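Raw data-v7.pdb, PDB, C-alpha atoms:
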ATOM      1  CA  MET Q  57      -1.555 -34.581 -12.470
ATOM      2  CA  MET Q  58      -4.118 -36.704 -10.614
ATOM      3  CA  ALA Q  59      -2.776 -35.431  -7.284
ATOM      4  CA  LEU Q  60      -3.172 -31.840  -8.510
ATOM      5  CA  ILE Q  61      -6.795 -32.439  -9.503
ATOM      6  CA  ILE Q  62      -7.622 -33.925  -6.083
ATOM      7  CA  ASP Q  63      -5.727 -31.060  -4.438
ATOM      8  CA  VAL Q  64      -7.723 -28.400  -6.311
ATOM      9  CA  PHE Q  65     -10.978 -30.250  -5.605
ATOM     10  CA  LEU Q  66     -10.286 -30.446  -1.864
ATOM     11  CA  LEU Q  67      -9.267 -26.783  -1.811
ATOM     12  CA  LEU Q  68     -12.577 -25.817  -3.458
ATOM     13  CA  PHE Q  69     -14.380 -27.846  -0.781
ATOM     14  CA  LEU Q  70     -12.362 -26.005   1.869
ATOM     15  CA  ILE Q  71     -13.294 -22.591   0.462
ATOM     16  CA  ALA Q  72     -16.948 -23.678   0.400
ATOM     17  CA  SER Q  73     -16.870 -24.729   4.046
ATOM     18  CA  ALA Q  74     -15.028 -21.516   5.017
ATOM     19  CA  ILE Q  75     -17.819 -19.535   3.332
ATOM     20  CA  GLY Q  76     -20.228 -21.771   5.260
ATOM     21  CA  ILE Q  77     -18.533 -20.662   8.497
ATOM     22  CA  LEU Q  78     -18.834 -17.037   7.403
ATOM     23  CA  ARG Q  79     -22.543 -17.273   6.535
ATOM     24  CA  ALA Q  80     -23.821 -19.632   9.265
ATOM     25  CA  ARG Q  81     -26.337 -17.815  11.479
ATOM     26  CA  HIS Q  82     -26.574 -20.551  14.057
ATOM     27  CA  LEU Q  83     -23.393 -20.804  16.108
ATOM     28  CA  PHE Q  84     -23.785 -24.555  16.674
ATOM     29  CA  ALA Q  85     -23.909 -25.065  12.900
ATOM     30  CA  MET Q  86     -20.816 -22.891  12.621
ATOM     31  CA  ALA Q  87     -18.957 -25.106  15.126
ATOM     32  CA  MET Q  88     -19.870 -28.194  13.092
ATOM     33  CA  MET Q  89     -18.731 -26.524   9.859
ATOM     34  CA  PHE Q  90     -15.493 -25.700  11.638
ATOM     35  CA  GLY Q  91     -14.958 -29.382  12.529
ATOM     36  CA  LEU Q  92     -15.678 -30.391   8.927
ATOM     37  CA  TYR Q  93     -13.235 -27.758   7.718
ATOM     38  CA  SER Q  94     -10.443 -29.092   9.966
ATOM     39  CA  LEU Q  95     -11.072 -32.657   8.834
ATOM     40  CA  LEU Q  96     -10.809 -31.594   5.177
ATOM     41  CA  VAL Q  97      -7.550 -29.804   5.975
ATOM     42  CA  ALA Q  98      -6.229 -32.999   7.581
ATOM     43  CA  SER Q  99      -7.041 -35.030   4.463
ATOM     44  CA  LEU Q 100      -5.360 -32.404   2.313
ATOM     45  CA  PHE Q 101      -2.209 -32.695   4.447
ATOM     46  CA  LEU Q 102      -2.201 -36.437   3.827
ATOM     47  CA  LEU Q 103      -2.358 -35.754   0.103
ATOM     48  CA  LEU Q 104       0.595 -33.360   0.425
ATOM     49  CA  ASP Q 105       2.798 -36.170   1.849
ATOM     50  CA  ALA Q 106       2.589 -34.855   5.405
ATOM     51  CA  PRO Q 107       1.091 -37.665   7.523
ATOM     52  CA  ASP Q 108       2.486 -36.293  10.806
ATOM     53  CA  VAL Q 109       0.876 -32.902  10.209
ATOM     54  CA  ALA Q 110      -2.359 -34.667   9.204
ATOM     55  CA  PHE Q 111      -2.425 -36.633  12.477
ATOM     56  CA  THR Q 112      -1.859 -33.477  14.490
ATOM     57  CA  GLU Q 113      -4.516 -31.525  12.605
ATOM     58  CA  ALA Q 114      -7.034 -34.364  12.954
ATOM     59  CA  ALA Q 115      -6.401 -34.756  16.691
ATOM     60  CA  VAL Q 116      -5.765 -31.167  17.753
ATOM     61  CA  GLY Q 117      -7.586 -29.123  15.094
ATOM     62  CA  THR Q 118     -10.643 -31.295  14.550
ATOM     63  CA  GLY Q 119     -10.854 -32.795  18.027
ATOM     64  CA  ILE Q 120      -9.698 -30.347  20.663
ATOM     65  CA  ALA Q 121     -10.501 -27.061  18.887
ATOM     66  CA  THR Q 122     -14.063 -28.170  18.029
ATOM     67  CA  VAL Q 123     -14.664 -29.436  21.568
ATOM     68  CA  LEU Q 124     -13.330 -26.146  22.977
ATOM     69  CA  MET Q 125     -15.617 -24.198  20.651
ATOM     70  CA  LEU Q 126     -18.641 -26.264  21.749
ATOM     71  CA  ALA Q 127     -17.652 -25.781  25.403
ATOM     72  CA  THR Q 128     -17.444 -22.015  24.875
ATOM     73  CA  LEU Q 129     -20.868 -22.100  23.204
ATOM     74  CA  ALA Q 130     -22.261 -23.969  26.208
ATOM     75  CA  ALA Q 131     -20.643 -21.527  28.622
ATOM     76  CA  THR Q 132     -21.879 -18.414  26.834
ATOM     77  CA  ARG Q 133     -25.404 -19.780  26.322
ATOM     78  CA  ARG Q 134     -25.785 -17.865  23.087
ATOM     79  CA  SER Q 135     -26.935 -20.055  20.227
ATOM     80  CA  SER Q 136     -27.396 -17.674  17.346
ATOM     81  CA  GLU Q 137     -25.896 -14.504  16.060
ATOM     82  CA  LYS Q 138     -27.847 -11.278  16.093
ATOM     83  CA  PRO Q 139     -29.289 -10.764  12.602
ATOM     84  CA  ARG Q 140     -28.019  -7.616  10.905
ATOM     85  CA  SER Q 141     -26.846  -6.436   7.527
ATOM     86  CA  ARG Q 142     -23.703  -8.413   6.894
ATOM     87  CA  PHE Q 143     -21.752  -6.722   4.135
ATOM     88  CA  SER Q 144     -18.894  -4.557   5.321
ATOM     89  CA  PRO Q 145     -17.260  -2.527   2.489
ATOM     90  CA  SER Q 146     -14.137  -1.504   4.422
ATOM     91  CA  ALA Q 147     -13.397  -5.115   5.414
ATOM     92  CA  MET Q 148     -13.928  -6.194   1.801
ATOM     93  CA  ILE Q 149     -11.505  -3.540   0.490
ATOM     94  CA  ILE Q 150      -8.790  -4.560   2.994
ATOM     95  CA  THR Q 151      -9.364  -8.232   2.150
ATOM     96  CA  LEU Q 152      -9.097  -7.629  -1.598
ATOM     97  CA  LEU Q 153      -5.954  -5.507  -1.183
ATOM     98  CA  THR Q 154      -4.247  -8.127   0.996
ATOM     99  CA  GLY Q 155      -5.305 -10.889  -1.377
ATOM    100  CA  GLY Q 156      -3.972  -8.935  -4.348
ATOM    101  CA  LEU Q 157      -0.599  -8.425  -2.677
ATOM    102  CA  LEU Q 158      -0.340 -12.116  -1.768
ATOM    103  CA  PHE Q 159      -1.340 -13.044  -5.329
ATOM    104  CA  TYR Q 160       1.425 -10.778  -6.670
ATOM    105  CA  GLY Q 161       3.848 -12.504  -4.293
ATOM    106  CA  THR Q 162       3.047 -15.981  -5.639
ATOM    107  CA  LEU Q 163       4.006 -15.020  -9.201
ATOM    108  CA  ASP Q 164       7.708 -15.484  -8.410
ATOM    109  CA  LEU Q 165       7.255 -18.819  -6.690
ATOM    110  CA  PRO Q 166       8.475 -22.052  -8.320
ATOM    111  CA  ASN Q 167       5.765 -24.368  -9.634
ATOM    112  CA  PHE Q 168       3.845 -26.585  -7.212
ATOM    113  CA  GLY Q 169       5.808 -29.833  -6.734
ATOM    114  CA  ASP Q 170       8.900 -28.660  -8.637
ATOM    115  CA  PRO Q 171      11.787 -30.864  -7.376
ATOM    116  CA  ASN Q 172      14.452 -28.300  -8.374
ATOM    117  CA  ALA Q 173      13.134 -25.464  -6.201
ATOM    118  CA  PRO Q 174      15.873 -23.967  -3.973
ATOM    119  CA  LEU Q 175      13.819 -24.973  -0.934
ATOM    120  CA  HIS Q 176      14.473 -28.652  -1.695
ATOM    121  CA  THR Q 177      18.113 -28.573  -2.750
ATOM    122  CA  GLU Q 178      19.902 -27.048   0.254
ATOM    123  CA  MET Q 179      18.938 -27.944   3.808
ATOM    124  CA  ALA Q 180      16.285 -30.555   3.102
ATOM    125  CA  ALA Q 181      18.744 -32.545   0.989
ATOM    126  CA  ARG Q 182      21.097 -32.768   3.951
ATOM    127  CA  PHE Q 183      18.325 -33.841   6.305
ATOM    128  CA  ILE Q 184      17.255 -36.546   3.869
ATOM    129  CA  GLU Q 185      20.788 -37.822   3.213
ATOM    130  CA  GLN Q 186      22.150 -37.768   6.741
ATOM    131  CA  GLY Q 187      19.084 -37.649   8.991
ATOM    132  CA  GLN Q 188      18.942 -41.343   9.671
ATOM    133  CA  GLN Q 189      22.675 -41.658  10.377
ATOM    134  CA  ASP Q 190      22.731 -38.562  12.594
ATOM    135  CA  THR Q 191      19.712 -39.363  14.734
ATOM    136  CA  GLY Q 192      18.861 -43.024  14.138
ATOM    137  CA  VAL Q 193      15.226 -42.160  13.394
ATOM    138  CA  PRO Q 194      13.858 -43.161   9.970
ATOM    139  CA  ASN Q 195      10.972 -40.680  10.202
ATOM    140  CA  LEU Q 196      12.649 -37.451   9.108
ATOM    141  CA  VAL Q 197       9.925 -35.211  10.497
ATOM    142  CA  THR Q 198      10.494 -36.671  13.966
ATOM    143  CA  ALA Q 199      14.263 -36.445  13.483
ATOM    144  CA  VAL Q 200      14.158 -32.737  12.605
ATOM    145  CA  LEU Q 201      11.492 -31.928  15.223
ATOM    146  CA  ALA Q 202      13.128 -33.628  18.172
ATOM    147  CA  SER Q 203      16.798 -33.437  17.303
ATOM    148  CA  TYR Q 204      17.894 -30.783  14.793
ATOM    149  CA  ARG Q 205      15.301 -28.226  15.864
ATOM    150  CA  GLY Q 206      14.718 -29.379  19.438
ATOM    151  CA  PHE Q 207      14.755 -25.785  20.700
ATOM    152  CA  ASP Q 208      11.730 -25.016  18.542
ATOM    153  CA  THR Q 209       9.835 -27.659  20.436
ATOM    154  CA  LEU Q 210      11.014 -26.179  23.734
ATOM    155  CA  GLY Q 211       9.667 -22.804  22.598
ATOM    156  CA  GLU Q 212       6.394 -24.456  21.597
ATOM    157  CA  VAL Q 213       6.037 -26.011  25.047
ATOM    158  CA  THR Q 214       6.664 -22.578  26.583
ATOM    159  CA  VAL Q 215       3.888 -21.025  24.482
ATOM    160  CA  VAL Q 216       1.444 -23.830  25.305
ATOM    161  CA  PHE Q 217       2.295 -23.532  29.014
ATOM    162  CA  THR Q 218       1.786 -19.751  28.949
ATOM    163  CA  ALA Q 219      -1.553 -20.157  27.160
ATOM    164  CA  GLY Q 220      -2.609 -22.787  29.713
ATOM    165  CA  VAL Q 221      -1.730 -20.508  32.629
ATOM    166  CA  GLY Q 222      -3.597 -17.660  30.909
ATOM    167  CA  VAL Q 223      -6.741 -19.773  30.467
ATOM    168  CA  LEU Q 224      -6.610 -20.905  34.109
ATOM    169  CA  LEU Q 225      -6.194 -17.343  35.387
ATOM    170  CA  LEU Q 226      -9.011 -16.027  33.186
ATOM    171  CA  LEU Q 227     -11.475 -18.735  34.135
ATOM    172  CA  LYS Q 228     -10.640 -18.944  37.835
ATOM    173  CA  ARG Q 229     -13.829 -18.319  39.737
ATOM    174  CA  ARG Q 230     -13.587 -15.018  41.498
ATOM    175  CA  ARG Q 231     -15.111 -15.221  44.945
ATOM    176  CA  LYS Q 232     -17.942 -12.731  45.029
ATOM    177  CA  PRO Q 233     -17.957 -10.467  48.091
ATOM    178  CA  VAL Q 234     -20.300 -12.142  50.559
ATOM    179  CA  VAL Q 235     -22.671  -9.833  52.381
ATOM    180  CA  ARG Q 236     -22.784 -10.840  56.019
ATOM    181  CA  GLY Q 237     -25.911 -12.740  56.986
ATOM    182  CA  ARG Q 238     -26.889 -13.406  53.397
ATOM    183  CA  SER Q 239     -24.248 -15.996  52.623
ATOM    184  CA  ASN Q 240     -26.713 -18.858  53.200
ATOM    185  CA  ALA Q 241     -29.534 -17.201  51.349
ATOM    186  CA  ARG Q 242     -28.991 -19.300  48.205
TER     187      ARG Q 242
ATOM    188  CA  MET F  26       1.277 -20.558 -19.675
ATOM    189  CA  MET F  27      -0.731 -23.694 -18.891
ATOM    190  CA  THR F  28       2.077 -25.155 -16.787
ATOM    191  CA  PHE F  29       2.361 -21.828 -14.940
ATOM    192  CA  ILE F  30      -1.345 -21.874 -14.109
ATOM    193  CA  ALA F  31      -1.283 -25.562 -13.160
ATOM    194  CA  GLY F  32       1.764 -24.923 -10.991
ATOM    195  CA  HIS F  33       0.252 -21.972  -9.160
ATOM    196  CA  ILE F  34      -3.486 -22.611  -8.948
ATOM    197  CA  SER F  35      -3.250 -24.325  -5.566
ATOM    198  CA  TYR F  36      -1.409 -21.300  -4.130
ATOM    199  CA  TRP F  37      -4.125 -19.007  -5.477
ATOM    200  CA  LEU F  38      -6.895 -21.146  -4.022
ATOM    201  CA  ILE F  39      -5.123 -21.134  -0.661
ATOM    202  CA  ILE F  40      -4.970 -17.307  -0.843
ATOM    203  CA  CYS F  41      -8.748 -17.244  -1.506
ATOM    204  CA  LEU F  42      -9.200 -19.443   1.559
ATOM    205  CA  MET F  43      -7.083 -17.134   3.724
ATOM    206  CA  MET F  44      -9.007 -14.103   2.487
ATOM    207  CA  VAL F  45     -12.362 -15.716   3.392
ATOM    208  CA  GLY F  46     -10.923 -16.158   6.898
ATOM    209  CA  LEU F  47      -9.686 -12.563   7.037
ATOM    210  CA  TYR F  48     -13.072 -11.233   5.897
ATOM    211  CA  THR F  49     -14.831 -13.347   8.558
ATOM    212  CA  LEU F  50     -12.435 -11.950  11.164
ATOM    213  CA  MET F  51     -13.106  -8.337  10.208
ATOM    214  CA  SER F  52     -16.784  -8.265   9.223
ATOM    215  CA  CYS F  53     -18.502 -10.495  11.830
ATOM    216  CA  SER F  54     -19.303  -8.875  15.142
ATOM    217  CA  ASN F  55     -19.798 -12.164  16.998
ATOM    218  CA  LEU F  56     -16.588 -12.906  18.900
ATOM    219  CA  LEU F  57     -16.793 -16.702  18.424
ATOM    220  CA  LYS F  58     -17.022 -16.246  14.674
ATOM    221  CA  LYS F  59     -14.051 -13.909  14.763
ATOM    222  CA  ILE F  60     -11.985 -16.662  16.403
ATOM    223  CA  ALA F  61     -13.212 -19.158  13.782
ATOM    224  CA  GLY F  62     -12.154 -16.730  11.037
ATOM    225  CA  LEU F  63      -8.744 -16.354  12.623
ATOM    226  CA  SER F  64      -8.407 -20.159  12.659
ATOM    227  CA  VAL F  65      -9.366 -20.369   8.976
ATOM    228  CA  PHE F  66      -6.738 -17.749   8.116
ATOM    229  CA  GLN F  67      -4.104 -19.565  10.123
ATOM    230  CA  THR F  68      -4.910 -22.957   8.595
ATOM    231  CA  GLY F  69      -4.571 -21.336   5.174
ATOM    232  CA  ALA F  70      -1.052 -20.145   6.019
ATOM    233  CA  ILE F  71      -0.140 -23.628   7.302
ATOM    234  CA  LEU F  72      -1.524 -25.248   4.140
ATOM    235  CA  PHE F  73       0.542 -22.858   2.025
ATOM    236  CA  TYR F  74       3.772 -23.855   3.776
ATOM    237  CA  VAL F  75       3.034 -27.578   3.543
ATOM    238  CA  SER F  76       2.219 -27.208  -0.183
ATOM    239  CA  LEU F  77       5.635 -25.623  -0.723
ATOM    240  CA  GLY F  78       7.266 -28.795   0.648
ATOM    241  CA  LYS F  79       5.479 -31.180  -1.733
ATOM    242  CA  ILE F  80       7.581 -32.744  -4.527
ATOM    243  CA  ASP F  81       6.004 -34.341  -7.592
ATOM    244  CA  GLY F  82       6.549 -38.097  -7.457
ATOM    245  CA  GLY F  83       7.993 -37.838  -3.968
ATOM    246  CA  THR F  84       6.816 -39.897  -1.048
ATOM    247  CA  ILE F  85       6.285 -39.198   2.650
ATOM    248  CA  PRO F  86       9.582 -38.331   4.398
ATOM    249  CA  ILE F  87      10.181 -41.649   6.131
ATOM    250  CA  ILE F  88      13.370 -43.390   5.002
ATOM    251  CA  ALA F  89      12.580 -46.793   3.487
ATOM    252  CA  GLU F  90      14.109 -49.309   1.079
ATOM    253  CA  GLY F  91      13.293 -48.730  -2.558
ATOM    254  CA  TYR F  92      12.474 -45.001  -2.363
ATOM    255  CA  SER F  93      14.854 -42.182  -3.138
ATOM    256  CA  LEU F  94      12.655 -39.105  -3.633
ATOM    257  CA  TYR F  95      11.099 -37.711  -0.460
ATOM    258  CA  SER F  96       8.984 -34.614   0.115
ATOM    259  CA  ASN F  97      10.621 -31.839   2.095
ATOM    260  CA  PRO F  98      10.343 -32.525   5.858
ATOM    261  CA  LEU F  99      11.304 -29.017   6.999
ATOM    262  CA  PRO F 100       8.008 -27.123   6.320
ATOM    263  CA  GLN F 101       6.115 -30.030   7.859
ATOM    264  CA  VAL F 102       8.118 -29.789  11.084
ATOM    265  CA  LEU F 103       7.602 -26.029  11.352
ATOM    266  CA  MET F 104       3.866 -26.328  10.681
ATOM    267  CA  LEU F 105       3.492 -29.142  13.229
ATOM    268  CA  THR F 106       4.629 -26.609  15.829
ATOM    269  CA  ALA F 107       2.368 -23.917  14.365
ATOM    270  CA  ILE F 108      -0.779 -26.087  14.629
ATOM    271  CA  VAL F 109      -0.262 -26.801  18.323
ATOM    272  CA  VAL F 110       0.583 -23.178  19.117
ATOM    273  CA  GLY F 111      -2.460 -22.088  17.096
ATOM    274  CA  VAL F 112      -4.814 -24.234  19.148
ATOM    275  CA  ALA F 113      -3.242 -22.927  22.375
ATOM    276  CA  THR F 114      -3.882 -19.306  21.329
ATOM    277  CA  THR F 115      -7.402 -20.225  20.185
ATOM    278  CA  ALA F 116      -8.077 -21.699  23.633
ATOM    279  CA  LEU F 117      -6.892 -18.425  25.195
ATOM    280  CA  GLY F 118      -9.283 -16.547  22.906
ATOM    281  CA  PHE F 119     -12.187 -18.763  23.993
ATOM    282  CA  ALA F 120     -11.340 -18.179  27.660
ATOM    283  CA  LEU F 121     -11.368 -14.415  26.993
ATOM    284  CA  ILE F 122     -14.788 -14.758  25.342
ATOM    285  CA  VAL F 123     -16.159 -16.579  28.404
ATOM    286  CA  ARG F 124     -14.836 -13.779  30.666
ATOM    287  CA  ILE F 125     -16.267 -11.081  28.384
ATOM    288  CA  ARG F 126     -19.633 -12.845  28.517
ATOM    289  CA  GLU F 127     -19.463 -12.835  32.338
ATOM    290  CA  ALA F 128     -18.665  -9.135  32.460
ATOM    291  CA  TYR F 129     -20.948  -7.805  29.690
ATOM    292  CA  SER F 130     -23.439 -10.676  29.248
ATOM    293  CA  SER F 131     -22.941 -10.367  25.492
ATOM    294  CA  ILE F 132     -20.484 -11.698  22.942
ATOM    295  CA  GLU F 133     -21.399  -9.265  20.164
ATOM    296  CA  GLU F 134     -18.687  -6.702  19.564
ATOM    297  CA  ASP F 135     -20.994  -3.784  18.714
ATOM    298  CA  GLU F 136     -23.131  -4.309  21.854
ATOM    299  CA  ILE F 137     -19.977  -4.348  23.986
ATOM    300  CA  ILE F 138     -18.714  -1.134  22.376
ATOM    301  CA  THR F 139     -22.107   0.533  22.986
ATOM    302  CA  MET F 140     -21.968  -0.480  26.678
ATOM    303  CA  ASP F 141     -18.433   0.895  26.985
ATOM    304  CA  ARG F 142     -19.517   4.235  25.456
ATOM    305  CA  GLN F 143     -22.442   4.476  27.879
ATOM    306  CA  ASP F 144     -20.075   3.998  30.820
ATOM    307  CA  ASP F 145     -17.813   6.870  29.758
TER     308      ASP F 145
END

Before we go any further, please render this structure as structure tokens.
Amino acid sequence: MMALIIDVFLLLFLIASAIGILRARHLFAMAMMFGLYSLLVASLFLLLDAPDVAFTEAAVGTGIATVLMLATLAATRRSSEKPRSRFSPSAMIITLLTGGLLFYGTLDLPNFGDPNAPLHTEMAARFIEQGQQDTGVPNLVTAVLASYRGFDTLGEVTVVFTAGVGVLLLLKRRRKPVVRGRSNAR
Amino acid sequence: MMTFIAGHISYWLIICLMMVGLYTLMSCSNLLKKIAGLSVFQTGAILFYVSLGKIDGGTIPIIAEGYSLYSNPLPQVLMLTAIVVGVATTALGFALIVRIREAYSSIEEDEIITMDRQDD
């Protein structure tokens, strides 16, 4: 029960900081709100018994993503958003419809933390019973990540590599055509 | 009824969170804010999966003496991959924004659309 209360509290904090991201005029403030948001998500992961995910979120989400956002801000030299009327009815209708459908979908879900949910009784039970014997790793997340579902990780590396190549190609300085005789002008 | 609400309220709050992200993505014209909205939406989906793996009274999925009930490791593994992939795609989005800024000297969607219309 205590865990549920903390969970709900942190989720309310998260919604507040997401609304902060939505309403922030100043883009630097938005980047800071984004870092705060990621840190709150990391602490929520720790509460949900997922320390490995929490580490990754704290390092990659809070650290790298925020630094990348600040670097983009520095590169675009634009510090605040253009003021304009903010409310968009069509976006709000789509959002409410999607939210309603997702809400309808949760009604069939088992209760939060229910140990008898089908999710926990089939595959996960096998991982927990045999994981250590099969792989020799006591940390089951590592065992599943690196051994049972090693190909997932290979796919992940492929995606990260492709994204890295894409970023390099996009940001490669194009050599501007040099007009003869003016190349030393600047 | 009370147990149903207590058992589902965290899912509903996560849906609210995702919808705030989706609204940010669709209503803001600043491209950086769009990417931030996309990240919020994605983190909401990740949180939802990890919440599904939580077991009441369970502990973190590391085998140790004296514990028998562990939370489900499978959603955690899948979401570990999703976080890293998410940051990689976000980085690609930021690189695109920097290129758009070089080409249009603006990162506001409506200004860019106006410039495109003038070119036609």

Who sits within 8 Å of region 96-109 of chain F, all atoms listed in the file, same chain under 2 positions skipped, as a PyMOL selection string: (chain Q and resi 105-106+108-109+112-113+116-117+176+180+196-198+200-201+208-209+212+216) or (chain F and resi 68+71+74-75+77-80+83-86+94+111-113)

The PyMOL selection byres ((chain Q and resi 128) around 8) applied to the shown file, residues as a ChimeraX atom specification: /Q:124-127,129-132 /F:119-120,122-123

Keeping C-alpha atoms, export the residues of the selection given above as a short mmCIF file (atom, residue, chain, number, x, y, z; two decimals), in the coordinates of the input.
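Generated output (part.cif):
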data_model
loop_
_atom_site.label_atom_id
_atom_site.label_comp_id
_atom_site.auth_asym_id
_atom_site.auth_seq_id
_atom_site.Cartn_x
_atom_site.Cartn_y
_atom_site.Cartn_z
CA LEU Q 124 -13.33 -26.15 22.98
CA MET Q 125 -15.62 -24.20 20.65
CA LEU Q 126 -18.64 -26.26 21.75
CA ALA Q 127 -17.65 -25.78 25.40
CA LEU Q 129 -20.87 -22.10 23.20
CA ALA Q 130 -22.26 -23.97 26.21
CA ALA Q 131 -20.64 -21.53 28.62
CA THR Q 132 -21.88 -18.41 26.83
CA PHE F 119 -12.19 -18.76 23.99
CA ALA F 120 -11.34 -18.18 27.66
CA ILE F 122 -14.79 -14.76 25.34
CA VAL F 123 -16.16 -16.58 28.40
#

Could you tell me which residues the PyMOL selection byres ((chain F and resi 117) around 8) grabs in this file, written as a compact mmCIF listing (two decimals) with C-alpha atoms, keeping the file's coordinate frame?
# COMPACT_ATOMS: atom_id res chain seq x y z
CA ALA Q 219 -1.55 -20.16 27.16
CA GLY Q 220 -2.61 -22.79 29.71
CA GLY Q 222 -3.60 -17.66 30.91
CA VAL Q 223 -6.74 -19.77 30.47
CA ALA F 113 -3.24 -22.93 22.38
CA THR F 114 -3.88 -19.31 21.33
CA THR F 115 -7.40 -20.23 20.18
CA ALA F 116 -8.08 -21.70 23.63
CA GLY F 118 -9.28 -16.55 22.91
CA PHE F 119 -12.19 -18.76 23.99
CA ALA F 120 -11.34 -18.18 27.66
CA LEU F 121 -11.37 -14.42 26.99

Selected residue of minimal separation from chain F among Q:Val123, Q:Leu104, Q:Ala85, Q:Met58, counting all atoms listed in the file: Q:Leu104

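If you measure from each of F:Ile138, F:Leu56, F:Gln67, F:Ser76 to chain Q using all atoms listed in the file, the closest one turns out to be F:Ser76.
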
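Restricting the calculation to all atoms listed in the file, the smallest distance between chain F and any of Q:Ile71, Q:Leu102, Q:Leu224, Q:Leu210 is found for Q:Ile71.
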
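For the choices F:Lys58, F:Ser64, F:Ala89, F:Phe73, the atom-to-atom distance to Ile40 (chain F) is smallest for F:Phe73 when using all atoms listed in the file.
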
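Each of F:Leu57, F:Ala70, F:Ile87, F:Ile125 was compared to chain Q using only C-alpha atoms, and F:Ile87 turns out to be the nearest.
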
Within 10 Å of Glu136 (chain F) using all atoms listed in the file, minus same-chain residues under 6 positions, as a short mmCIF file (atom, residue, chain, number, x, y, z; two decimals) with C-alpha atoms, in the coordinates of the input:
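Result file follows (out32.cif):
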data_model
loop_
_atom_site.label_atom_id
_atom_site.label_comp_id
_atom_site.auth_asym_id
_atom_site.auth_seq_id
_atom_site.Cartn_x
_atom_site.Cartn_y
_atom_site.Cartn_z
CA SER F 54 -19.30 -8.88 15.14
CA ASN F 55 -19.80 -12.16 17.00
CA TYR F 129 -20.95 -7.80 29.69
CA SER F 130 -23.44 -10.68 29.25
CA ARG F 142 -19.52 4.24 25.46
#

Within-9 Å shell of (-17.5, -11.5, 16.6) in input frame, only C-alpha atoms, as a ChimeraX atom specification: /Q:137 /F:49-60,132-135

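The smallest atom-to-atom distance between Cys41 (chain F) and any of Q:Val215, Q:Met88, Q:Met57, Q:Leu158, using all atoms listed in the file, is found for Q:Leu158.
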
Interatomic distance, CA of Ala61 (chain F) to CA of Ser136 (chain Q) (Å, one decimal): 14.7 Å

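Take CA of Met27 (chain F) and CA of Thr154 (chain Q): the distance between them is 25.5 Å.
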
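Applied to this file, the PyMOL selection byres ((chain Q and resi 69) around 12) selects the residues Ile62, Asp63, Val64, Phe65, Leu66, Leu67, Leu68, Leu70, Ile71, Ala72, Ser73, Ala74, Ile75, Gly76, Met89, Leu92, Tyr93, Ser94, Leu95, Leu96, Val97, Ser99 and Leu100 of chain Q; Leu38, Ile39 and Leu42 of chain F.
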
Atom-to-atom span, CA of Glu178 (chain Q) and CA of Ala202 (chain Q), Å: 20.3 Å
